[in-house]
Amino acid sequence: MPEIINGNEIARVIREEIRKETVVMREITGVTPGLAVVLVGDDPASRIYVRRKGRACAEAGFLSREIRLPAAAAEGELLDIIVQLNGDPAVHGILVQLPLPRQIRTQMIIEAIAPAKDVDGFHPVNVGRLMAGNPGPVSCTPRGVMELLDRTGVDIAGREAVIVGRSNIVGKPLALLLLARHATVTICHTRTQRLPDVTRRADILVAAAGSPEMIRGDMIKEGAVVIDVGINRRDDGRLVGDVAFAEAERRAAYITPVPGGVGPMTIAMLLRNTLEAARRITAPV
Ligand code: NAD
């Protein structure tokens with residue numbers, strides 16, 4: 001049987017590390033990391049995410065601010081808020097909860113956030129830094145996947161890594177992070193031919209397609225590390241990943257469950273990005 005990678009436990013340890021680092025930072029520099037989360041509209045899932053983020057900030061000893069706008073808010077209103085937050089010295093991280101309502105151009109809003117405060121790592125400047133291998137905030141979920149691999153002691157250099165999914169928030173940044181750590185990386189997507197032939201090559205297989213249980217046991221190499229980013233709700237209300245867990249368990253050496261694998265790491269990495277942003281912004285030059 002494989003080792004189940006316990007994302008809840010790893011995320012708990014990281015959050016505790018961040019809490020301690022925050023105490024030290026406040027004692028030495030007087031700075032408390034601050035995160036502002038902006039929520040437009042009242043999408044129930046987004047409301048839950050925002051509440052969780054606020055609670056995680058409080059537990060880490062951060063200051064957190066939640067700013068809510070109605071679903072009909074104009075783009076200009078949201079832009080004004082971002083400009084204010086960009087200039088607010090108590091705010092080191094700004095997160096605009098996605099998706100945004102139709103009347104608001106998402107990319108324009110992302111680009112309005114000061115890159116130094118872009119704790120989601122979505123701003124083109126930060127995407128460029130990642131591409132070039134320079135430090136800067138990195139998208140939380142891919143960063144969480146790397147932490148899971150590292151804290152499980154998985155060797156990355158020289159291994160075949162296959163990612164199923166090429167989104168800007170998961171697949172593509174994760175490919176760059178794995179490449180920077182010397183993996184041989186393949187990205188698959190909906191047009192990939194003979195997907196099982198490709199996934200069976202993977203020493204490290206990451207499923208980030210948003211397609212319930214699409215990775216079957218016979219698509220997995222014996223002894224692979226399988227990381228399931230997918231979160232899908234079945235008709236019966238059950239949460240499942242992109243990997244058929246019971247089948248995959250028979251082939252993998254390490255595997256993440258859903259829930260309790262990658263999911264909890266995303267908020268832990270948001271806290272890590274905010275703490276690092278606070279350090280960078282307030283560090284004496
Ligand atoms: P997305 O829809 O933006 O991208 C999905 C990608 O998968 C696309 O590139 C598409 O080409 C590819 N794909 C879809 N079906 C495929 C198939 N059958 N074969 C091959 N490729 C296929 O999704 P996303 O935002 O990257 O999210 C992916 C999944 O990860 C979703 O289930 C999402 O809920 C989950 N997610 C989880 C977290 C977390 O915190 N754990 C964070 C972000 C996303």
# chains A, B, ... in the order shown; residues from 1 in each chain; ligands from 1

$ residues_near_ligand --ligand "ligand 1" --cutoff "7 Å" --atoms "only C-alpha atoms and all ligand atoms" --output "JSON list (two decimals) with N, CA and C atoms, in the first residue's frame"
[["chain", "number", "residue", "atom", "x", "y", "z"],
["A", 141, "THR", "N", -1.49, 27.20, -5.10],
["A", 141, "THR", "CA", -1.70, 25.75, -5.22],
["A", 141, "THR", "C", -0.45, 25.05, -5.76],
["A", 164, "VAL", "N", -1.34, 16.82, -15.73],
["A", 164, "VAL", "CA", -2.54, 16.81, -16.57],
["A", 164, "VAL", "C", -3.31, 18.08, -16.24],
["A", 165, "GLY", "N", -3.32, 19.03, -17.18],
["A", 165, "GLY", "CA", -3.95, 20.34, -16.95],
["A", 165, "GLY", "C", -2.96, 21.45, -17.22],
["A", 166, "ARG", "N", -3.39, 22.44, -18.00],
["A", 166, "ARG", "CA", -2.46, 23.53, -18.37],
["A", 166, "ARG", "C", -3.01, 24.89, -18.00],
["A", 167, "SER", "N", -3.74, 24.98, -16.86],
["A", 167, "SER", "CA", -4.30, 26.29, -16.50],
["A", 167, "SER", "C", -3.20, 27.22, -16.01],
["A", 168, "ASN", "N", -3.53, 28.53, -16.04],
["A", 168, "ASN", "CA", -2.57, 29.54, -15.59],
["A", 168, "ASN", "C", -2.37, 29.50, -14.09],
["A", 169, "ILE", "N", -3.35, 28.95, -13.36],
["A", 169, "ILE", "CA", -3.20, 28.99, -11.89],
["A", 169, "ILE", "C", -2.61, 27.71, -11.33],
["A", 170, "VAL", "N", -2.68, 26.60, -12.06],
["A", 170, "VAL", "CA", -2.12, 25.35, -11.54],
["A", 170, "VAL", "C", -1.09, 24.75, -12.51],
["A", 171, "GLY", "N", -1.55, 24.23, -13.64],
["A", 171, "GLY", "CA", -0.67, 23.43, -14.51],
["A", 171, "GLY", "C", 0.58, 24.15, -14.96],
["A", 188, "CYS", "N", 0.04, 17.84, -20.10],
["A", 188, "CYS", "CA", -1.02, 17.28, -20.94],
["A", 188, "CYS", "C", -2.28, 18.14, -20.82],
["A", 189, "HIS", "N", -3.14, 18.03, -21.81],
["A", 189, "HIS", "CA", -4.36, 18.82, -21.84],
["A", 189, "HIS", "C", -5.40, 18.07, -22.66],
["A", 190, "THR", "N", -6.51, 18.75, -22.94],
["A", 190, "THR", "CA", -7.63, 18.05, -23.60],
["A", 190, "THR", "C", -7.28, 17.56, -25.01],
["A", 191, "ARG", "N", -6.28, 18.15, -25.65],
["A", 191, "ARG", "CA", -5.91, 17.71, -27.01],
["A", 191, "ARG", "C", -4.77, 16.69, -27.01],
["A", 192, "THR", "N", -4.29, 16.32, -25.85],
["A", 192, "THR", "CA", -3.19, 15.35, -25.79],
["A", 192, "THR", "C", -3.65, 14.01, -26.35],
["A", 208, "ALA", "N", -4.53, 17.82, -12.52],
["A", 208, "ALA", "CA", -5.15, 19.13, -12.27],
["A", 208, "ALA", "C", -6.03, 19.46, -13.46],
["A", 209, "ALA", "N", -7.02, 18.60, -13.70],
["A", 209, "ALA", "CA", -7.87, 18.73, -14.89],
["A", 209, "ALA", "C", -9.29, 19.15, -14.53],
["A", 210, "GLY", "N", -9.71, 18.91, -13.29],
["A", 210, "GLY", "CA", -11.09, 19.19, -12.92],
["A", 210, "GLY", "C", -12.05, 18.20, -13.56],
["A", 211, "SER", "N", -11.61, 16.97, -13.72],
["A", 211, "SER", "CA", -12.43, 15.93, -14.34],
["A", 211, "SER", "C", -12.46, 14.72, -13.39],
["A", 214, "MET", "N", -10.70, 10.84, -13.50],
["A", 214, "MET", "CA", -10.30, 10.50, -14.88],
["A", 214, "MET", "C", -8.99, 9.71, -14.94],
["A", 229, "VAL", "N", -4.78, 17.30, -7.58],
["A", 229, "VAL", "CA", -5.18, 18.68, -7.29],
["A", 229, "VAL", "C", -6.70, 18.85, -7.45],
["A", 230, "GLY", "N", -7.32, 17.99, -8.20],
["A", 230, "GLY", "CA", -8.74, 18.14, -8.55],
["A", 230, "GLY", "C", -9.67, 18.13, -7.34],
["A", 231, "ILE", "N", -10.68, 18.94, -7.41],
["A", 231, "ILE", "CA", -11.75, 18.92, -6.41],
["A", 231, "ILE", "C", -13.05, 18.92, -7.20],
["A", 232, "ASN", "N", -13.77, 17.81, -7.14],
["A", 232, "ASN", "CA", -15.02, 17.70, -7.92],
["A", 232, "ASN", "C", -16.11, 17.17, -6.99],
["A", 241, "GLY", "N", -11.44, 13.58, -6.28],
["A", 241, "GLY", "CA", -10.38, 14.24, -7.03],
["A", 241, "GLY", "C", -10.45, 13.88, -8.50],
["A", 242, "ASP", "N", -9.34, 14.13, -9.20],
["A", 242, "ASP", "CA", -9.22, 13.74, -10.61],
["A", 242, "ASP", "C", -8.67, 12.32, -10.74],
["A", 262, "VAL", "N", -3.95, 18.23, -1.36],
["A", 262, "VAL", "CA", -3.46, 19.53, -1.84],
["A", 262, "VAL", "C", -4.29, 20.68, -1.26],
["A", 263, "GLY", "N", -5.59, 20.46, -1.11],
["A", 263, "GLY", "CA", -6.51, 21.54, -0.70],
["A", 263, "GLY", "C", -6.01, 22.37, 0.48],
["A", 264, "PRO", "N", -5.69, 21.74, 1.62],
["A", 264, "PRO", "CA", -5.28, 22.54, 2.78],
["A", 264, "PRO", "C", -3.99, 23.31, 2.56],
["A", 265, "MET", "N", -3.19, 22.88, 1.57],
["A", 265, "MET", "CA", -1.90, 23.55, 1.34],
["A", 265, "MET", "C", -2.08, 24.93, 0.71],
["A", 266, "THR", "N", -3.19, 25.12, 0.01],
["A", 266, "THR", "CA", -3.36, 26.38, -0.72],
["A", 266, "THR", "C", -3.42, 27.57, 0.24]]

$ residues_around --residues "Ala252 (chain A)" --least-positions-apart "6" --cutoff "10 Å" --atoms "only C-alpha atoms" --output "number ranges by chain"
A: 1-4, 203-205, 217, 220-226, 245

$ select_by_dssp --residues "region 20-181 of chain A" --states "strand (DSSP E)" --output "NGL selection string"
:A and (34-40 or 63-69 or 93-96 or 160-164)

$ write_last_selection --atoms "N, CA, C and O atoms" --output "PDB file, in the first residue's frame"
ATOM      1  N   GLY A  34      -0.191  41.938   6.941  1.00  0.00           N
ATOM      2  CA  GLY A  34      -1.601  42.262   6.729  1.00  0.00           C
ATOM      3  C   GLY A  34      -2.081  41.784   5.374  1.00  0.00           C
ATOM      4  O   GLY A  34      -1.410  42.002   4.357  1.00  0.00           O
ATOM      5  N   LEU A  35      -3.218  41.095   5.371  1.00  0.00           N
ATOM      6  CA  LEU A  35      -3.795  40.607   4.110  1.00  0.00           C
ATOM      7  C   LEU A  35      -5.189  41.222   3.919  1.00  0.00           C
ATOM      8  O   LEU A  35      -6.006  41.193   4.842  1.00  0.00           O
ATOM      9  N   ALA A  36      -5.433  41.782   2.749  1.00  0.00           N
ATOM     10  CA  ALA A  36      -6.767  42.282   2.409  1.00  0.00           C
ATOM     11  C   ALA A  36      -7.385  41.345   1.374  1.00  0.00           C
ATOM     12  O   ALA A  36      -6.752  41.050   0.350  1.00  0.00           O
ATOM     13  N   VAL A  37      -8.577  40.860   1.669  1.00  0.00           N
ATOM     14  CA  VAL A  37      -9.270  39.985   0.731  1.00  0.00           C
ATOM     15  C   VAL A  37     -10.503  40.726   0.226  1.00  0.00           C
ATOM     16  O   VAL A  37     -11.315  41.223   1.017  1.00  0.00           O
ATOM     17  N   VAL A  38     -10.626  40.823  -1.088  1.00  0.00           N
ATOM     18  CA  VAL A  38     -11.759  41.550  -1.672  1.00  0.00           C
ATOM     19  C   VAL A  38     -12.709  40.541  -2.304  1.00  0.00           C
ATOM     20  O   VAL A  38     -12.293  39.708  -3.116  1.00  0.00           O
ATOM     21  N   LEU A  39     -13.960  40.637  -1.899  1.00  0.00           N
ATOM     22  CA  LEU A  39     -14.977  39.723  -2.425  1.00  0.00           C
ATOM     23  C   LEU A  39     -16.053  40.541  -3.128  1.00  0.00           C
ATOM     24  O   LEU A  39     -16.649  41.437  -2.524  1.00  0.00           O
ATOM     25  N   VAL A  40     -16.276  40.243  -4.392  1.00  0.00           N
ATOM     26  CA  VAL A  40     -17.330  40.944  -5.136  1.00  0.00           C
ATOM     27  C   VAL A  40     -18.483  39.959  -5.351  1.00  0.00           C
ATOM     28  O   VAL A  40     -18.281  38.888  -5.931  1.00  0.00           O
ATOM     29  N   LEU A  63      -2.906  40.577  10.474  1.00  0.00           N
ATOM     30  CA  LEU A  63      -4.085  41.429  10.402  1.00  0.00           C
ATOM     31  C   LEU A  63      -4.794  41.050   9.117  1.00  0.00           C
ATOM     32  O   LEU A  63      -4.150  40.853   8.096  1.00  0.00           O
ATOM     33  N   SER A  64      -6.114  40.927   9.180  1.00  0.00           N
ATOM     34  CA  SER A  64      -6.800  40.643   7.922  1.00  0.00           C
ATOM     35  C   SER A  64      -7.984  41.581   7.776  1.00  0.00           C
ATOM     36  O   SER A  64      -8.581  42.000   8.759  1.00  0.00           O
ATOM     37  N   ARG A  65      -8.241  41.918   6.557  1.00  0.00           N
ATOM     38  CA  ARG A  65      -9.332  42.849   6.255  1.00  0.00           C
ATOM     39  C   ARG A  65     -10.140  42.243   5.134  1.00  0.00           C
ATOM     40  O   ARG A  65      -9.571  41.755   4.147  1.00  0.00           O
ATOM     41  N   GLU A  66     -11.458  42.248   5.317  1.00  0.00           N
ATOM     42  CA  GLU A  66     -12.310  41.719   4.245  1.00  0.00           C
ATOM     43  C   GLU A  66     -13.099  42.889   3.675  1.00  0.00           C
ATOM     44  O   GLU A  66     -13.723  43.638   4.419  1.00  0.00           O
ATOM     45  N   ILE A  67     -13.040  43.044   2.373  1.00  0.00           N
ATOM     46  CA  ILE A  67     -13.777  44.143   1.735  1.00  0.00           C
ATOM     47  C   ILE A  67     -14.793  43.527   0.798  1.00  0.00           C
ATOM     48  O   ILE A  67     -14.436  42.732  -0.069  1.00  0.00           O
ATOM     49  N   ARG A  68     -16.044  43.887   0.998  1.00  0.00           N
ATOM     50  CA  ARG A  68     -17.102  43.287   0.176  1.00  0.00           C
ATOM     51  C   ARG A  68     -17.739  44.325  -0.722  1.00  0.00           C
ATOM     52  O   ARG A  68     -18.022  45.441  -0.286  1.00  0.00           O
ATOM     53  N   LEU A  69     -17.953  43.924  -1.957  1.00  0.00           N
ATOM     54  CA  LEU A  69     -18.684  44.785  -2.896  1.00  0.00           C
ATOM     55  C   LEU A  69     -19.887  44.000  -3.408  1.00  0.00           C
ATOM     56  O   LEU A  69     -19.826  42.770  -3.513  1.00  0.00           O
ATOM     57  N   GLY A  93      -0.472  42.095   1.509  1.00  0.00           N
ATOM     58  CA  GLY A  93      -0.996  41.173   0.517  1.00  0.00           C
ATOM     59  C   GLY A  93      -2.412  41.558   0.125  1.00  0.00           C
ATOM     60  O   GLY A  93      -3.215  41.940   0.980  1.00  0.00           O
ATOM     61  N   ILE A  94      -2.692  41.500  -1.184  1.00  0.00           N
ATOM     62  CA  ILE A  94      -4.044  41.792  -1.679  1.00  0.00           C
ATOM     63  C   ILE A  94      -4.513  40.594  -2.474  1.00  0.00           C
ATOM     64  O   ILE A  94      -3.805  40.116  -3.374  1.00  0.00           O
ATOM     65  N   LEU A  95      -5.696  40.113  -2.135  1.00  0.00           N
ATOM     66  CA  LEU A  95      -6.240  38.974  -2.877  1.00  0.00           C
ATOM     67  C   LEU A  95      -7.655  39.338  -3.316  1.00  0.00           C
ATOM     68  O   LEU A  95      -8.491  39.701  -2.487  1.00  0.00           O
ATOM     69  N   VAL A  96      -7.879  39.300  -4.608  1.00  0.00           N
ATOM     70  CA  VAL A  96      -9.239  39.503  -5.118  1.00  0.00           C
ATOM     71  C   VAL A  96      -9.800  38.117  -5.413  1.00  0.00           C
ATOM     72  O   VAL A  96      -9.251  37.374  -6.232  1.00  0.00           O
ATOM     73  N   GLU A 160      10.801  12.036 -14.215  1.00  0.00           N
ATOM     74  CA  GLU A 160       9.771  12.392 -15.216  1.00  0.00           C
ATOM     75  C   GLU A 160       8.541  12.900 -14.466  1.00  0.00           C
ATOM     76  O   GLU A 160       7.939  12.147 -13.686  1.00  0.00           O
ATOM     77  N   ALA A 161       8.172  14.156 -14.698  1.00  0.00           N
ATOM     78  CA  ALA A 161       6.959  14.704 -14.075  1.00  0.00           C
ATOM     79  C   ALA A 161       5.929  14.951 -15.176  1.00  0.00           C
ATOM     80  O   ALA A 161       6.250  15.559 -16.197  1.00  0.00           O
ATOM     81  N   VAL A 162       4.735  14.445 -14.992  1.00  0.00           N
ATOM     82  CA  VAL A 162       3.657  14.684 -15.960  1.00  0.00           C
ATOM     83  C   VAL A 162       2.524  15.391 -15.234  1.00  0.00           C
ATOM     84  O   VAL A 162       2.071  14.948 -14.176  1.00  0.00           O
ATOM     85  N   ILE A 163       2.087  16.521 -15.823  1.00  0.00           N
ATOM     86  CA  ILE A 163       0.987  17.293 -15.250  1.00  0.00           C
ATOM     87  C   ILE A 163      -0.190  17.205 -16.214  1.00  0.00           C
ATOM     88  O   ILE A 163      -0.026  17.477 -17.409  1.00  0.00           O
ATOM     89  N   VAL A 164      -1.341  16.818 -15.727  1.00  0.00           N
ATOM     90  CA  VAL A 164      -2.536  16.809 -16.574  1.00  0.00           C
ATOM     91  C   VAL A 164      -3.314  18.081 -16.242  1.00  0.00           C
ATOM     92  O   VAL A 164      -3.864  18.208 -15.150  1.00  0.00           O
TER      93      VAL A 164
END

$ closest_atom_pairs --of "region 232-285 of chain A" --to "region 103-123 of chain A" --cutoff "7 Å" --atoms "only C-alpha atoms" --output "Markdown table"
| residue | atom | partner | partner_atom | distance |
| --- | --- | --- | --- | --- |
| A:Leu270 | CA | A:Val119 | CA | 6.5 |
| A:Asn273 | CA | A:Val119 | CA | 5.4 |
| A:Thr274 | CA | A:Val119 | CA | 5.9 |
| A:Ala277 | CA | A:Lys117 | CA | 6.3 |

$ select_by_dssp --residues "region 236-280 of chain A" --states "helix (DSSP H, G or I)" --output "MDAnalysis selection string"
chainID A and resid 245:249 263:280

$ atom_distance --atom1 "CA of Thr29 (chain A)" --atom2 "CA of Cys57 (chain A)"
18.9 Å

$ atom_distance --atom1 "CA of Arg233 (chain A)" --atom2 "CA of Ala253 (chain A)"
26.0 Å

$ atom_distance --atom1 "CA of Leu79 (chain A)" --atom2 "CA of Pro99 (chain A)"
15.7 Å

$ residues_around --residues "Glu147 (chain A)" --least-positions-apart "5" --cutoff "9 Å" --atoms "only C-alpha atoms" --output "PDB file with N, CA, C and O atoms, in the first residue's frame"
ATOM      1  N   ILE A  10       0.533  18.353   7.102  1.00  0.00           N
ATOM      2  CA  ILE A  10       1.651  19.168   6.593  1.00  0.00           C
ATOM      3  C   ILE A  10       1.267  20.654   6.627  1.00  0.00           C
ATOM      4  O   ILE A  10       2.054  21.501   7.047  1.00  0.00           O
ATOM      5  N   PRO A 142       0.175  25.527  -6.854  1.00  0.00           N
ATOM      6  CA  PRO A 142       1.416  24.886  -7.296  1.00  0.00           C
ATOM      7  C   PRO A 142       2.509  24.923  -6.232  1.00  0.00           C
ATOM      8  O   PRO A 142       3.234  23.956  -6.040  1.00  0.00           O
ATOM      9  N   THR A 152       7.605  15.409   1.868  1.00  0.00           N
ATOM     10  CA  THR A 152       7.468  13.949   1.843  1.00  0.00           C
ATOM     11  C   THR A 152       8.809  13.319   1.474  1.00  0.00           C
ATOM     12  O   THR A 152       8.963  12.107   1.509  1.00  0.00           O
ATOM     13  N   MET A 265      -3.187  22.884   1.575  1.00  0.00           N
ATOM     14  CA  MET A 265      -1.901  23.545   1.337  1.00  0.00           C
ATOM     15  C   MET A 265      -2.081  24.928   0.715  1.00  0.00           C
ATOM     16  O   MET A 265      -1.229  25.795   0.859  1.00  0.00           O
ATOM     17  N   MET A 269      -0.065  28.264   1.844  1.00  0.00           N
ATOM     18  CA  MET A 269       0.856  28.980   0.943  1.00  0.00           C
ATOM     19  C   MET A 269       0.448  30.447   0.772  1.00  0.00           C
ATOM     20  O   MET A 269       1.291  31.309   0.540  1.00  0.00           O
TER      21      MET A 269
END
